[in-house]
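Worksheet: the structure to be examined is printed underneath.
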Amino acid sequence: VAAQTGCRAHGVEIMKVPARFALRQAREFAHRMKLYGLSHGAVTMLRADFCESADVHRLLPTVDVLLVNNYAFDSALNHNLLQMFLDLKDGARIVSLKPFVTPDYKINARNVYAPESILSVRRFPYWSQCVSWTDSGGEYFVQTVDRSGVKEFLSRRGISL
């Protein structure tokens, strides 16, 4: 994406071997772009805990797209990520392998202040042999940060943010 659009790209990996591999890929990417005489956006890789990294907390309010490979994450980690998504700006998109909010989620008096209430979600398929981690097909989710539903719900009750 950094090569196609010129955007800044940041990667965060907590595990040692995948982090080392990601750093090698970033170096190879820079080398190939230079070899081909192509410009690209900045690419940085961090070996860190996404939830604990000060760099991540600093970057979250600025991102337009956040890719979260949460296929193997437990519910506690997904919940922690949801709390962090409160720092994302309206319009930011979260691409994930498991949804952070159900497609039929409805805002009501009990959940209006829940982090899920600022997200809308769309489901998309991917087909067999389309991704590097499996030969079978599956689905991914794109959640969009949109606080207008919360504002509208509260406004109908005479509460303003």
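We label chains A, B, ... in the order they appear in the structure tokens, count residues from 1 in each chain, and number ligands from 1 in the order shown.
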| said: Just want the 8 Å neighbourhood of segment 43-59 of chain A, counted on only C-alpha atoms, with same-chain residues fewer than 6 positions away dropped. Output as a PyMOL selection string. | reply: chain A and resi 2+8-16+19+22-23+26+80-81+84
| field | Distance query Glu152 of chain A at most 12 Å, only C-alpha atoms, self and fewer than 6 positions along chain excluded, as a ChimeraX atom specification | value | /A:107-108,112,117-118,146,158-161
How would the residues just chosen look if you wrote them out with N, CA, C and O atoms as an mmCIF file, in the first residue's frame?
data_model
loop_
_atom_site.group_PDB
_atom_site.id
_atom_site.type_symbol
_atom_site.label_atom_id
_atom_site.label_comp_id
_atom_site.auth_asym_id
_atom_site.auth_seq_id
_atom_site.Cartn_x
_atom_site.Cartn_y
_atom_site.Cartn_z
ATOM 1 N N ILE A 107 -27.736 0.057 18.429
ATOM 2 C CA ILE A 107 -27.492 0.893 19.604
ATOM 3 C C ILE A 107 -28.777 0.981 20.416
ATOM 4 O O ILE A 107 -29.858 1.222 19.873
ATOM 5 N N ASN A 108 -28.637 0.788 21.730
ATOM 6 C CA ASN A 108 -29.782 0.950 22.633
ATOM 7 C C ASN A 108 -29.286 1.579 23.932
ATOM 8 O O ASN A 108 -28.100 1.878 24.075
ATOM 9 N N VAL A 112 -25.159 2.104 24.516
ATOM 10 C CA VAL A 112 -24.811 3.324 23.798
ATOM 11 C C VAL A 112 -23.383 3.791 24.080
ATOM 12 O O VAL A 112 -22.738 4.375 23.216
ATOM 13 N N SER A 117 -20.455 0.563 19.769
ATOM 14 C CA SER A 117 -21.476 1.479 19.262
ATOM 15 C C SER A 117 -20.936 2.497 18.268
ATOM 16 O O SER A 117 -21.718 3.127 17.559
ATOM 17 N N ILE A 118 -19.622 2.660 18.202
ATOM 18 C CA ILE A 118 -19.060 3.610 17.235
ATOM 19 C C ILE A 118 -18.631 2.909 15.947
ATOM 20 O O ILE A 118 -18.056 3.542 15.060
ATOM 21 N N ASP A 146 -17.724 5.363 13.180
ATOM 22 C CA ASP A 146 -18.772 6.321 12.858
ATOM 23 C C ASP A 146 -19.559 6.611 14.140
ATOM 24 O O ASP A 146 -20.356 5.790 14.587
ATOM 25 N N GLY A 158 -32.368 13.931 24.192
ATOM 26 C CA GLY A 158 -32.067 15.228 24.753
ATOM 27 C C GLY A 158 -30.684 15.346 25.369
ATOM 28 O O GLY A 158 -30.427 16.228 26.170
ATOM 29 N N ILE A 159 -29.772 14.436 24.992
ATOM 30 C CA ILE A 159 -28.403 14.461 25.520
ATOM 31 C C ILE A 159 -27.475 14.821 24.373
ATOM 32 O O ILE A 159 -27.551 14.260 23.298
ATOM 33 N N SER A 160 -26.583 15.799 24.604
ATOM 34 C CA SER A 160 -25.639 16.172 23.550
ATOM 35 C C SER A 160 -24.218 15.842 24.002
ATOM 36 O O SER A 160 -23.907 15.852 25.189
ATOM 37 N N LEU A 161 -23.386 15.555 23.035
ATOM 38 C CA LEU A 161 -21.966 15.260 23.334
ATOM 39 C C LEU A 161 -21.123 16.488 23.126
ATOM 40 O O LEU A 161 -21.336 17.302 22.323
#
| said: When DSSP is applied to the backbone of this structure, which of segment 78-118 of chain A are assigned helix (DSSP H, G or I)? Write them out as a PyMOL selection string. | reply: chain A and resi 78-85+115-118
Atoms to include: N, CA and C atoms. Write the selected residues as a CSV table (one decimal), in the first residue's frame.
chain,number,residue,atom,x,y,z
A,78,ASN,N,-9.2,-9.0,22.2
A,78,ASN,CA,-10.1,-8.3,21.3
A,78,ASN,C,-10.9,-7.2,22.0
A,79,HIS,N,-11.2,-7.4,23.3
A,79,HIS,CA,-11.9,-6.4,24.1
A,79,HIS,C,-10.9,-5.2,24.4
A,80,ASN,N,-9.6,-5.5,24.7
A,80,ASN,CA,-8.7,-4.4,24.8
A,80,ASN,C,-8.5,-3.6,23.6
A,81,LEU,N,-8.5,-4.3,22.4
A,81,LEU,CA,-8.4,-3.6,21.2
A,81,LEU,C,-9.6,-2.7,21.0
A,82,LEU,N,-10.8,-3.2,21.3
A,82,LEU,CA,-12.0,-2.3,21.2
A,82,LEU,C,-11.9,-1.0,22.0
A,83,GLN,N,-11.3,-1.1,23.2
A,83,GLN,CA,-11.1,0.1,24.0
A,83,GLN,C,-10.2,1.0,23.3
A,84,MET,N,-9.1,0.5,22.7
A,84,MET,CA,-8.2,1.3,22.0
A,84,MET,C,-8.8,2.0,20.7
A,85,PHE,N,-9.8,1.4,20.1
A,85,PHE,CA,-10.4,1.9,18.9
A,85,PHE,C,-11.1,3.2,19.2
A,115,PRO,N,-17.8,0.6,23.3
A,115,PRO,CA,-17.0,0.9,22.1
A,115,PRO,C,-17.6,0.3,20.8
A,116,GLU,N,-18.3,-0.8,20.8
A,116,GLU,CA,-18.9,-1.3,19.6
A,116,GLU,C,-19.9,-0.3,19.0
A,117,SER,N,-20.5,0.6,19.8
A,117,SER,CA,-21.5,1.5,19.3
A,117,SER,C,-20.9,2.5,18.3
A,118,ILE,N,-19.6,2.7,18.2
A,118,ILE,CA,-19.1,3.6,17.2
A,118,ILE,C,-18.6,2.9,15.9
| task | Go through A:Ser75, A:Gln4, A:Gln143, A:Ser128 and flag the residue nearest Tyr105 of chain A, using only C-alpha atoms for the distances. | result | A:Gln143
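Nearest-residue note for Lys98 of chain A: choosing from A:Ser148, A:Arg156, A:Val121, A:Tyr140, the minimum distance belongs to A:Tyr140, counting only C-alpha atoms.
Each of A:Met33, A:Leu97, A:Tyr126, A:Asp90 was compared to Ala72 of chain A using only C-alpha atoms, and A:Leu97 turns out to be the nearest.
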| request: Run DSSP on the backbone and grab whatever in segment 95-135 of chain A lands in strand (DSSP E or B); send it over as a VMD selection string. | output: chain A and resid 95 to 96 119 to 126
So that I can see what lies close to Cys7 of chain A, please list as a PDB file with N, CA, C and O atoms, in the first residue's frame the residues with an atom at most 12 Å from it, counting only C-alpha atoms and leaving out residues fewer than 4 positions away in the same chain.
ATOM      1  N   VAL A   1       0.832  -1.191   0.000  1.00  0.00           N
ATOM      2  CA  VAL A   1       0.000   0.000   0.000  1.00  0.00           C
ATOM      3  C   VAL A   1       0.874   1.250   0.000  1.00  0.00           C
ATOM      4  O   VAL A   1       0.571   2.220  -0.674  1.00  0.00           O
ATOM      5  N   ALA A   2       1.984   1.220   0.752  1.00  0.00           N
ATOM      6  CA  ALA A   2       2.875   2.377   0.779  1.00  0.00           C
ATOM      7  C   ALA A   2       3.422   2.680  -0.609  1.00  0.00           C
ATOM      8  O   ALA A   2       3.651   3.834  -0.961  1.00  0.00           O
ATOM      9  N   ALA A   3       3.620   1.638  -1.426  1.00  0.00           N
ATOM     10  CA  ALA A   3       4.123   1.837  -2.787  1.00  0.00           C
ATOM     11  C   ALA A   3       3.027   2.364  -3.708  1.00  0.00           C
ATOM     12  O   ALA A   3       3.286   3.186  -4.582  1.00  0.00           O
ATOM     13  N   SER A  39       9.113   5.789  -5.807  1.00  0.00           N
ATOM     14  CA  SER A  39       8.969   6.401  -4.481  1.00  0.00           C
ATOM     15  C   SER A  39       7.877   5.669  -3.713  1.00  0.00           C
ATOM     16  O   SER A  39       7.053   4.968  -4.295  1.00  0.00           O
ATOM     17  N   HIS A  40       7.886   5.851  -2.423  1.00  0.00           N
ATOM     18  CA  HIS A  40       6.882   5.204  -1.570  1.00  0.00           C
ATOM     19  C   HIS A  40       6.779   5.966  -0.264  1.00  0.00           C
ATOM     20  O   HIS A  40       7.652   6.768   0.074  1.00  0.00           O
ATOM     21  N   GLY A  41       5.720   5.689   0.458  1.00  0.00           N
ATOM     22  CA  GLY A  41       5.551   6.289   1.775  1.00  0.00           C
ATOM     23  C   GLY A  41       6.466   5.625   2.790  1.00  0.00           C
ATOM     24  O   GLY A  41       7.052   4.571   2.535  1.00  0.00           O
ATOM     25  N   ALA A  42       6.594   6.248   3.929  1.00  0.00           N
ATOM     26  CA  ALA A  42       7.441   5.711   5.004  1.00  0.00           C
ATOM     27  C   ALA A  42       6.896   4.384   5.502  1.00  0.00           C
ATOM     28  O   ALA A  42       5.680   4.204   5.630  1.00  0.00           O
ATOM     29  N   VAL A  43       7.797   3.452   5.767  1.00  0.00           N
ATOM     30  CA  VAL A  43       7.436   2.141   6.305  1.00  0.00           C
ATOM     31  C   VAL A  43       8.243   1.926   7.575  1.00  0.00           C
ATOM     32  O   VAL A  43       9.474   2.009   7.553  1.00  0.00           O
ATOM     33  N   THR A  44       7.550   1.680   8.685  1.00  0.00           N
ATOM     34  CA  THR A  44       8.238   1.387   9.945  1.00  0.00           C
ATOM     35  C   THR A  44       7.689   0.099  10.535  1.00  0.00           C
ATOM     36  O   THR A  44       6.503  -0.193  10.398  1.00  0.00           O
ATOM     37  N   THR A  62      -4.278   9.029  14.239  1.00  0.00           N
ATOM     38  CA  THR A  62      -3.936   9.533  12.910  1.00  0.00           C
ATOM     39  C   THR A  62      -4.223   8.540  11.792  1.00  0.00           C
ATOM     40  O   THR A  62      -4.175   8.915  10.623  1.00  0.00           O
ATOM     41  N   VAL A  63      -4.516   7.280  12.107  1.00  0.00           N
ATOM     42  CA  VAL A  63      -4.615   6.263  11.057  1.00  0.00           C
ATOM     43  C   VAL A  63      -5.928   6.350  10.295  1.00  0.00           C
ATOM     44  O   VAL A  63      -6.963   6.730  10.843  1.00  0.00           O
ATOM     45  N   ASP A  64      -5.844   5.980   9.029  1.00  0.00           N
ATOM     46  CA  ASP A  64      -7.026   5.867   8.186  1.00  0.00           C
ATOM     47  C   ASP A  64      -7.488   4.419   8.082  1.00  0.00           C
ATOM     48  O   ASP A  64      -8.678   4.145   8.004  1.00  0.00           O
ATOM     49  N   VAL A  65      -6.520   3.495   8.040  1.00  0.00           N
ATOM     50  CA  VAL A  65      -6.822   2.064   7.942  1.00  0.00           C
ATOM     51  C   VAL A  65      -5.943   1.317   8.935  1.00  0.00           C
ATOM     52  O   VAL A  65      -4.737   1.547   9.005  1.00  0.00           O
TER      53      VAL A  65
END
At a cut-off of 9 Å, using only C-alpha atoms, what residues contact Thr144 of chain A? Leave out same-chain residues fewer than 5 positions from it and give the result as a JSON list (two decimals) with N, CA, C and O atoms, in the first residue's frame.
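Result file is result-v3.json:
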[["chain", "number", "residue", "atom", "x", "y", "z"],
["A", 90, "ASP", "N", -13.18, 9.46, 13.28],
["A", 90, "ASP", "CA", -14.32, 9.07, 12.46],
["A", 90, "ASP", "C", -13.85, 8.81, 11.04],
["A", 90, "ASP", "O", -13.02, 9.54, 10.50],
["A", 91, "GLY", "N", -14.37, 7.74, 10.45],
["A", 91, "GLY", "CA", -13.99, 7.36, 9.10],
["A", 91, "GLY", "C", -12.85, 6.37, 9.03],
["A", 91, "GLY", "O", -12.63, 5.76, 7.99],
["A", 92, "ALA", "N", -12.13, 6.19, 10.13],
["A", 92, "ALA", "CA", -11.05, 5.20, 10.15],
["A", 92, "ALA", "C", -11.66, 3.81, 9.94],
["A", 92, "ALA", "O", -12.78, 3.54, 10.38],
["A", 93, "ARG", "N", -10.93, 2.95, 9.25],
["A", 93, "ARG", "CA", -11.42, 1.60, 8.98],
["A", 93, "ARG", "C", -10.51, 0.57, 9.65],
["A", 93, "ARG", "O", -9.30, 0.73, 9.65],
["A", 94, "ILE", "N", -11.14, -0.45, 10.18],
["A", 94, "ILE", "CA", -10.43, -1.55, 10.83],
["A", 94, "ILE", "C", -10.73, -2.80, 10.02],
["A", 94, "ILE", "O", -11.89, -3.20, 9.90],
["A", 95, "VAL", "N", -9.70, -3.38, 9.44],
["A", 95, "VAL", "CA", -9.84, -4.61, 8.66],
["A", 95, "VAL", "C", -9.39, -5.75, 9.56],
["A", 95, "VAL", "O", -8.30, -5.71, 10.13],
["A", 118, "ILE", "N", -19.62, 2.66, 18.20],
["A", 118, "ILE", "CA", -19.06, 3.61, 17.24],
["A", 118, "ILE", "C", -18.63, 2.91, 15.95],
["A", 118, "ILE", "O", -18.06, 3.54, 15.06],
["A", 119, "LEU", "N", -18.91, 1.60, 15.84],
["A", 119, "LEU", "CA", -18.46, 0.84, 14.67],
["A", 119, "LEU", "C", -19.64, 0.33, 13.84],
["A", 119, "LEU", "O", -20.64, -0.13, 14.38],
["A", 120, "SER", "N", -19.47, 0.42, 12.54],
["A", 120, "SER", "CA", -20.36, -0.30, 11.62],
["A", 120, "SER", "C", -19.48, -1.33, 10.93],
["A", 120, "SER", "O", -18.27, -1.14, 10.81],
["A", 121, "VAL", "N", -20.07, -2.44, 10.48],
["A", 121, "VAL", "CA", -19.26, -3.53, 9.93],
["A", 121, "VAL", "C", -19.84, -4.03, 8.62],
["A", 121, "VAL", "O", -21.05, -4.05, 8.43],
["A", 122, "ARG", "N", -18.92, -4.41, 7.71],
["A", 122, "ARG", "CA", -19.29, -5.10, 6.47],
["A", 122, "ARG", "C", -18.44, -6.35, 6.37],
["A", 122, "ARG", "O", -17.26, -6.34, 6.72]]
| message | Give me the residues near Tyr71 of chain A as a list in words, where near means some atom within 9 Å (using only C-alpha atoms) and where sequence neighbours in that chain fewer than 2 positions away do not count. | response | Val68, Asn69, Phe73, Asp74, Ser96, Leu97 and Lys98 of chain A
Let's have the selection written as an mmCIF file, in the first residue's frame, with N, CA, C and O atoms.
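Below is the file that was written, part29.cif:
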data_model
loop_
_atom_site.group_PDB
_atom_site.id
_atom_site.type_symbol
_atom_site.label_atom_id
_atom_site.label_comp_id
_atom_site.auth_asym_id
_atom_site.auth_seq_id
_atom_site.Cartn_x
_atom_site.Cartn_y
_atom_site.Cartn_z
ATOM 1 N N VAL A 68 -5.870 -5.594 11.508
ATOM 2 C CA VAL A 68 -5.712 -6.368 12.737
ATOM 3 C C VAL A 68 -5.940 -7.837 12.400
ATOM 4 O O VAL A 68 -7.060 -8.230 12.088
ATOM 5 N N ASN A 69 -4.876 -8.612 12.426
ATOM 6 C CA ASN A 69 -4.996 -10.048 12.164
ATOM 7 C C ASN A 69 -5.370 -10.723 13.475
ATOM 8 O O ASN A 69 -4.537 -11.278 14.178
ATOM 9 N N PHE A 73 -6.731 -14.317 18.275
ATOM 10 C CA PHE A 73 -6.794 -13.544 19.514
ATOM 11 C C PHE A 73 -7.921 -14.060 20.405
ATOM 12 O O PHE A 73 -8.985 -14.444 19.921
ATOM 13 N N ASP A 74 -7.689 -14.018 21.714
ATOM 14 C CA ASP A 74 -8.761 -14.395 22.632
ATOM 15 C C ASP A 74 -9.690 -13.196 22.854
ATOM 16 O O ASP A 74 -9.403 -12.078 22.433
ATOM 17 N N SER A 96 -10.243 -6.765 9.719
ATOM 18 C CA SER A 96 -9.939 -7.857 10.646
ATOM 19 C C SER A 96 -10.488 -9.179 10.127
ATOM 20 O O SER A 96 -11.343 -9.205 9.245
ATOM 21 N N LEU A 97 -9.998 -10.271 10.699
ATOM 22 C CA LEU A 97 -10.470 -11.598 10.321
ATOM 23 C C LEU A 97 -11.634 -12.066 11.179
ATOM 24 O O LEU A 97 -12.351 -12.993 10.809
ATOM 25 N N LYS A 98 -11.807 -11.450 12.331
ATOM 26 C CA LYS A 98 -12.980 -11.664 13.181
ATOM 27 C C LYS A 98 -13.606 -10.295 13.402
ATOM 28 O O LYS A 98 -12.893 -9.306 13.574
#
| How far is it from atom CA of Pro125 of chain A to atom CA of Glu139 of chain A, in Å with one decimal? | 4.2 Å
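Here atom CA of Lys89 of chain A stands at a distance of 8.3 Å from atom CA of Leu60 of chain A.
Proximity of A:Leu86, A:Ala109, A:Arg24, A:Asp104 to Leu154 of chain A, computed with only C-alpha atoms, is greatest for A:Ala109.
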